[in-house]
Amino acid sequence: MTTLNFLKNLISSNNKSKKSVDIDDNLSDNQNILLITKEKRDQLLQENQELLKEKTKLQQTVKIQQQENEAKAEALYEEMLDIYDSLEFLINYLDNNLQEDNFNPKAFKRLPKFTSSMQEKLLTILSRREVEKIDFNGDIPDFSICQVVEREIREDIPDQTITKIVRQGFKIKEKILRYVEVITAKSEV
């Protein structure tokens with residue numbers, strides 16, 4: 001039985017019996033019927049209406065959020081398909097221009113520029129989602145954003161000096177997604 005039907009039955013029973021007791025008081029022993037006052041009935045009806053309104057608002061909010069999430073996902077997929085298309089073009093380009101029997105030196109020279117444009121597209125996609133490269137140009141690792149992945153023996157530079165950045169680091173807002181991975185110098189001790 002729904003809440004509304006239950007309340008209607010309570011109201012009907014209350015009107016028939018012409019008795020009035022608070023909902024918390026008692027059950028009628030003879031009839032097992034709950035009797036409530038008109039004020040309590042009105043209060044319950046009002047609370048029920050407010051709960052139904054709140055339920056409807058929450059359902060609408062959830063539906064809107066689902067639609068927004070689906071739209072964001074679709075936009076990401078479309079952008080990723082653009083990267084896929086670029087990679088497919090690159091594969092065909094390499095296949096047509098860099099074979100031994102059909103080697104084209106001009107095509108080989110264009111390769112870095114083309115792959116750089118694909119990297120820029122990907123960075124744009126990440127940037128739209130607030131993912132940014134960590135800009136780090138120091139000589140000594142900043143361990144809040146750097147991770148030393150290897151050490152190499154070098155006598156020509158001071159110990160702990162960065163000799164190479166192995167992988168670029170990324171953050172989303174202020175959270176580190178991936179640390180800047182570096183190789184540092186060490187003395188031959």
# chains A, B, ... in the order shown; residues from 1 in each chain; ligands from 1
call {"tool": "residues_around", "arguments": {"residues": "Tyr179 of chain A", "least_positions_apart": "3", "cutoff": "6 Å", "atoms": "only C-alpha atoms", "output": "number ranges by chain"}}
result
A: 145-147, 169
call {"tool": "select_by_dssp", "arguments": {"residues": "segment 92-181 of chain A", "states": "strand (DSSP E)", "output": "number ranges by chain"}}
result
A: 131-133, 146-153, 162-167, 170-172, 175-178, 180-181
call {"tool": "select_by_dssp", "arguments": {"residues": "segment 11-162 of chain A", "states": "alpha helix (DSSP H)", "output": "PyMOL selection string"}}
result
chain A and resi 11-17+38-97+105-128
call {"tool": "residues_around", "arguments": {"residues": "Pro158 of chain A", "least_positions_apart": "2", "cutoff": "10 Å", "atoms": "only C-alpha atoms", "output": "number ranges by chain"}}
result
A: 139-140, 154-156, 160-162, 184-187
call {"tool": "residues_around", "arguments": {"residues": "Arg129 of chain A", "least_positions_apart": "3", "cutoff": "12 Å", "atoms": "only C-alpha atoms", "output": "count of residues only"}}
result
14
call {"tool": "atom_distance", "arguments": {"atom1": "atom CA of Asn69 of chain A", "atom2": "atom CA of Phe170 of chain A"}}
result
23.3 Å
